[in-house]
Amino acid sequence: MQLTQIKEYSNLLLEAEETRNGTTPLTAIQGDFDVIKAYYVQLETIAEKVKSGRKITGKKIGLTSKAMQNLLGVSEPDYGHLLDDMVVENGGAISVKRLLQPKVEAEIAFVLKETLKGPGITPIDVLRATEYVLPSLEIVDSRIRDWKIKLADTVADNASSGLYILGGKPVKPEEVDLEMMGMVFEKNGEVVNTGVGAAALGHPATCVAWLANKLSEFDIALEAGEVILSGALSTAVNAQAGDVFTAKFAHIGQVSVHFTE
C-alpha cells in the first residue's frame with residue numbers, strides 16, 4: 001500500500017471526525033484492505049495528531065468480549081491509541097456535539113509502572129508491570145458511517161476510539177481477583193448490563209498481553225506510565241444527550257459520565 005493512499009485514507013477519517021459526518025467504509029473502497037494496511041492508516045492519523053500537539057497517553061484493546069465481537073461481526077480484538085484530548089473527568093459532562101455516534105463501554109484500566117514489549121509477553125508479565133488498576137468508561141465512536149465496519153475499518157479508525165474516563169480508586173492488581181471481578185453498568189439509573197473480568201478473553205491481563213504482543217509486530221511498546229484500556233466487559237450501549245452512565249466494579253469503585261447537548 002503506497003504512502004499516498006495511506007495518507008488519503010487517514011485524511012478521510014480525519015475529515016469525518018472534524019465534520020462529524022461519517023465516511024464510507026475503507027473496506028468498501030478497497031476490497032483487499034486488510035488489518036496490516038489498516039494499522040498503517042491508524043499510525044498515520046496518530047502521527048498527524050501528535051504533530052498538532054497531542055500526546056499519547058496509552059493504548060486500548062477493543063472487541064475482547066464475545067458480546068462485542070458478535071455485535072460487530074468480527075472474530076478477534078482490535079487496538080488503538082489513547083491521546084490526552086480524549087480524557088474526561090470522572091463524573092464529567094460530554095457534549096454529544098464532540099462525537100458522531102457514541103456508545104459507552106465499561107472496562108478495567110491498567111496503569112503501567114514498567115514498559116511491556118512483545119513478543120512473548122504473558123498475563124503474569126502484565127500483572128508484574130502494572131502499578132494499579134481502575135474502573136473506566138470508554139466512549140467508542142466511529143468515523144465510519146452507521147457503524148458499517150469490518151475489522152480493518154475499525155483498526156484504521158483507531159479502534160473506534162472516542163473518549164475515556166477513569167474513576168474509582170487505584171488498587172494494586174495482586175489485591176483483587178481481576179478474573180472474577182463483577183461489574184454493574186447503569187444507564188439513567190437502570191441496570192443495562194452486568195459483566196465480569198473473565199468476559200475479556202478470560203482475564204483482563206490476557207488482553208493486555210495480547211496487545212503487547214500484537215503491537216510488537218509494528219515495533220511499538222506499551223510504555224511505563226501509560227493507561228491501557230483492557231476491553232469491554234459487556235456490550236456497548238448507545239448514548240444520547242441527557243444520558244447518565246455509571247459502572248460499579250467490585251473492590252475498585254465506580255466511574256460515571258453524563259452527556260449533554
# chains A, B, ... in the order shown; residues from 1 in each chain; ligands from 1
$ residues_around --residues "segment 174-176 of chain A" --least-positions-apart "6" --cutoff "10 Å" --atoms "only C-alpha atoms" --output "list of chain:residue names"
A:Leu127, A:Arg128, A:Thr130, A:Tyr132, A:Val133, A:Ala250, A:His251, A:Ile252
$ select_by_dssp --residues "segment 58-174 of chain A" --states "alpha helix (DSSP H)" --output "JSON, numbers by chain"
{"A": [66, 67, 68, 69, 70, 71, 72, 123, 124, 125, 126, 127, 128, 129, 151, 152, 153, 154, 155, 156]}
$ write_last_selection --atoms "N, CA and C atoms" --output "PDB file, in the first residue's frame"
ATOM      1  N   LYS A  66     -17.065 -11.587  23.643  1.00  0.00           N
ATOM      2  CA  LYS A  66     -17.871 -12.218  22.593  1.00  0.00           C
ATOM      3  C   LYS A  66     -19.076 -11.348  22.255  1.00  0.00           C
ATOM      4  N   ALA A  67     -19.611 -10.648  23.259  1.00  0.00           N
ATOM      5  CA  ALA A  67     -20.770  -9.778  23.022  1.00  0.00           C
ATOM      6  C   ALA A  67     -20.437  -8.712  21.990  1.00  0.00           C
ATOM      7  N   MET A  68     -19.256  -8.066  22.149  1.00  0.00           N
ATOM      8  CA  MET A  68     -18.888  -7.002  21.206  1.00  0.00           C
ATOM      9  C   MET A  68     -18.482  -7.579  19.857  1.00  0.00           C
ATOM     10  N   GLN A  69     -17.801  -8.722  19.857  1.00  0.00           N
ATOM     11  CA  GLN A  69     -17.435  -9.342  18.578  1.00  0.00           C
ATOM     12  C   GLN A  69     -18.687  -9.723  17.792  1.00  0.00           C
ATOM     13  N   ASN A  70     -19.668 -10.259  18.488  1.00  0.00           N
ATOM     14  CA  ASN A  70     -20.924 -10.630  17.822  1.00  0.00           C
ATOM     15  C   ASN A  70     -21.668  -9.399  17.324  1.00  0.00           C
ATOM     16  N   LEU A  71     -21.648  -8.325  18.128  1.00  0.00           N
ATOM     17  CA  LEU A  71     -22.353  -7.099  17.746  1.00  0.00           C
ATOM     18  C   LEU A  71     -21.825  -6.546  16.425  1.00  0.00           C
ATOM     19  N   LEU A  72     -20.504  -6.619  16.236  1.00  0.00           N
ATOM     20  CA  LEU A  72     -19.890  -6.023  15.051  1.00  0.00           C
ATOM     21  C   LEU A  72     -19.451  -7.064  14.026  1.00  0.00           C
ATOM     22  N   PRO A 123       0.325 -12.953  30.619  1.00  0.00           N
ATOM     23  CA  PRO A 123      -0.502 -12.247  31.611  1.00  0.00           C
ATOM     24  C   PRO A 123       0.234 -12.000  32.923  1.00  0.00           C
ATOM     25  N   ILE A 124       1.101 -12.913  33.331  1.00  0.00           N
ATOM     26  CA  ILE A 124       1.879 -12.708  34.563  1.00  0.00           C
ATOM     27  C   ILE A 124       2.817 -11.517  34.406  1.00  0.00           C
ATOM     28  N   ASP A 125       3.431 -11.376  33.227  1.00  0.00           N
ATOM     29  CA  ASP A 125       4.276 -10.209  32.948  1.00  0.00           C
ATOM     30  C   ASP A 125       3.470  -8.922  33.089  1.00  0.00           C
ATOM     31  N   VAL A 126       2.246  -8.945  32.595  1.00  0.00           N
ATOM     32  CA  VAL A 126       1.376  -7.761  32.656  1.00  0.00           C
ATOM     33  C   VAL A 126       1.091  -7.381  34.105  1.00  0.00           C
ATOM     34  N   LEU A 127       0.734  -8.357  34.917  1.00  0.00           N
ATOM     35  CA  LEU A 127       0.413  -8.075  36.317  1.00  0.00           C
ATOM     36  C   LEU A 127       1.625  -7.524  37.058  1.00  0.00           C
ATOM     37  N   ARG A 128       2.803  -8.070  36.759  1.00  0.00           N
ATOM     38  CA  ARG A 128       4.029  -7.564  37.402  1.00  0.00           C
ATOM     39  C   ARG A 128       4.326  -6.121  36.982  1.00  0.00           C
ATOM     40  N   ALA A 129       3.997  -5.788  35.755  1.00  0.00           N
ATOM     41  CA  ALA A 129       4.321  -4.462  35.209  1.00  0.00           C
ATOM     42  C   ALA A 129       3.262  -3.408  35.519  1.00  0.00           C
ATOM     43  N   LEU A 151     -13.342  -5.526  10.572  1.00  0.00           N
ATOM     44  CA  LEU A 151     -12.217  -5.369  11.489  1.00  0.00           C
ATOM     45  C   LEU A 151     -11.198  -4.357  10.968  1.00  0.00           C
ATOM     46  N   ALA A 152     -10.883  -4.395   9.687  1.00  0.00           N
ATOM     47  CA  ALA A 152      -9.889  -3.460   9.134  1.00  0.00           C
ATOM     48  C   ALA A 152     -10.372  -2.017   9.213  1.00  0.00           C
ATOM     49  N   ASP A 153     -11.685  -1.801   9.080  1.00  0.00           N
ATOM     50  CA  ASP A 153     -12.217  -0.441   9.185  1.00  0.00           C
ATOM     51  C   ASP A 153     -11.996   0.129  10.579  1.00  0.00           C
ATOM     52  N   THR A 154     -12.308  -0.681  11.602  1.00  0.00           N
ATOM     53  CA  THR A 154     -12.183  -0.151  12.965  1.00  0.00           C
ATOM     54  C   THR A 154     -10.721   0.024  13.364  1.00  0.00           C
ATOM     55  N   VAL A 155      -9.828  -0.859  12.898  1.00  0.00           N
ATOM     56  CA  VAL A 155      -8.408  -0.677  13.187  1.00  0.00           C
ATOM     57  C   VAL A 155      -7.898   0.617  12.553  1.00  0.00           C
ATOM     58  N   ALA A 156      -8.238   0.854  11.303  1.00  0.00           N
ATOM     59  CA  ALA A 156      -7.825   2.092  10.635  1.00  0.00           C
ATOM     60  C   ALA A 156      -8.336   3.314  11.382  1.00  0.00           C
TER      61      ALA A 156
END
$ closest_residue --among "A:Thr4, A:Trp210, A:Gly242, A:Lys248" --to "Glu76 of chain A" --atoms "only C-alpha atoms"
A:Trp210
$ residues_around --residues "Lys148 of chain A" --least-positions-apart "5" --cutoff "10 Å" --atoms "only C-alpha atoms" --output "PyMOL selection string"
chain A and resi 23-25+27-28+72+142-143+153-154
$ atom_distance --atom1 "atom CA of Asn188 of chain A" --atom2 "atom CA of Gly167 of chain A"
17.9 Å
$ residues_around --residues "Gly225 of chain A" --least-positions-apart "2" --cutoff "9 Å" --atoms "only C-alpha atoms" --output "mmCIF file with C-alpha atoms, in the first residue's frame"
data_model
loop_
_atom_site.group_PDB
_atom_site.id
_atom_site.type_symbol
_atom_site.label_atom_id
_atom_site.label_comp_id
_atom_site.auth_asym_id
_atom_site.auth_seq_id
_atom_site.Cartn_x
_atom_site.Cartn_y
_atom_site.Cartn_z
ATOM 1 C CA THR A 57 -1.432 8.636 26.996
ATOM 2 C CA GLY A 58 -1.929 4.932 26.423
ATOM 3 C CA VAL A 111 -1.749 1.827 34.580
ATOM 4 C CA LEU A 112 1.759 0.534 33.898
ATOM 5 C CA LYS A 113 4.874 1.063 36.008
ATOM 6 C CA GLU A 114 7.108 -0.807 33.544
ATOM 7 C CA THR A 115 7.302 -0.923 29.754
ATOM 8 C CA GLU A 131 1.148 -0.122 39.033
ATOM 9 C CA LEU A 222 3.192 -0.397 25.989
ATOM 10 C CA GLU A 223 5.138 2.276 27.836
ATOM 11 C CA VAL A 227 -3.143 3.771 30.605
#
$ atom_distance --atom1 "atom CA of Ser65 of chain A" --atom2 "atom CA of Ala247 of chain A"
16.6 Å
$ atom_distance --atom1 "atom CA of Lys187 of chain A" --atom2 "atom CA of Val244 of chain A"
5.7 Å
$ closest_residue --among "A:Ile61, A:Leu100, A:Ile36, A:Val41" --to "Ala209 of chain A" --atoms "only C-alpha atoms"
A:Ile61
$ closest_residue --among "A:Pro119, A:Gly253, A:Gly195, A:Gly162" --to "Asn213 of chain A" --atoms "only C-alpha atoms"
A:Pro119
$ closest_residue --among "A:Leu12, A:Leu201, A:Ile6, A:Val50" --to "Ala38 of chain A" --atoms "only C-alpha atoms"
A:Ile6
$ residues_around --residues "Leu215 of chain A" --least-positions-apart "4" --cutoff "12 Å" --atoms "only C-alpha atoms" --output "list in words"
Ile36, Tyr39, Tyr40, Leu43, Lys59, Lys60, Ile61, Asp78, Tyr79, Gly80, His81, Leu116, Lys117, Gly118, Pro119, Gly120, Ile121, Val208, Ala209, Trp210, Leu211, Asp219, Ile220, Ala221, Leu222 and Glu223 of chain A
$ write_last_selection --atoms "C-alpha atoms" --output "tab-separated table (two decimals), in the first residue's frame"
chain	number	residue	atom	x	y	z
A	36	ILE	CA	-1.99	-4.58	8.42
A	39	TYR	CA	-2.85	-0.19	11.14
A	40	TYR	CA	-0.58	1.92	8.95
A	43	LEU	CA	-0.41	5.24	12.70
A	59	LYS	CA	-3.40	2.19	24.29
A	60	LYS	CA	-6.70	0.36	24.10
A	61	ILE	CA	-7.94	-3.07	23.23
A	78	ASP	CA	-8.68	-4.62	17.72
A	79	TYR	CA	-6.34	-1.99	19.15
A	80	GLY	CA	-5.73	1.72	19.13
A	81	HIS	CA	-4.02	4.71	20.75
A	116	LEU	CA	5.96	-4.07	28.07
A	117	LYS	CA	7.13	-5.05	24.61
A	118	GLY	CA	6.41	-8.34	22.89
A	119	PRO	CA	6.67	-10.89	21.55
A	120	GLY	CA	6.35	-13.38	24.37
A	121	ILE	CA	4.55	-11.19	26.94
A	208	VAL	CA	-3.08	-6.54	27.72
A	209	ALA	CA	-0.59	-9.32	26.95
A	210	TRP	CA	-2.28	-9.88	23.58
A	211	LEU	CA	-1.96	-6.17	22.85
A	219	ASP	CA	7.82	-2.20	16.87
A	220	ILE	CA	5.53	-0.48	19.38
A	221	ALA	CA	5.62	-0.98	23.15
A	222	LEU	CA	3.19	-0.40	25.99
A	223	GLU	CA	5.14	2.28	27.84
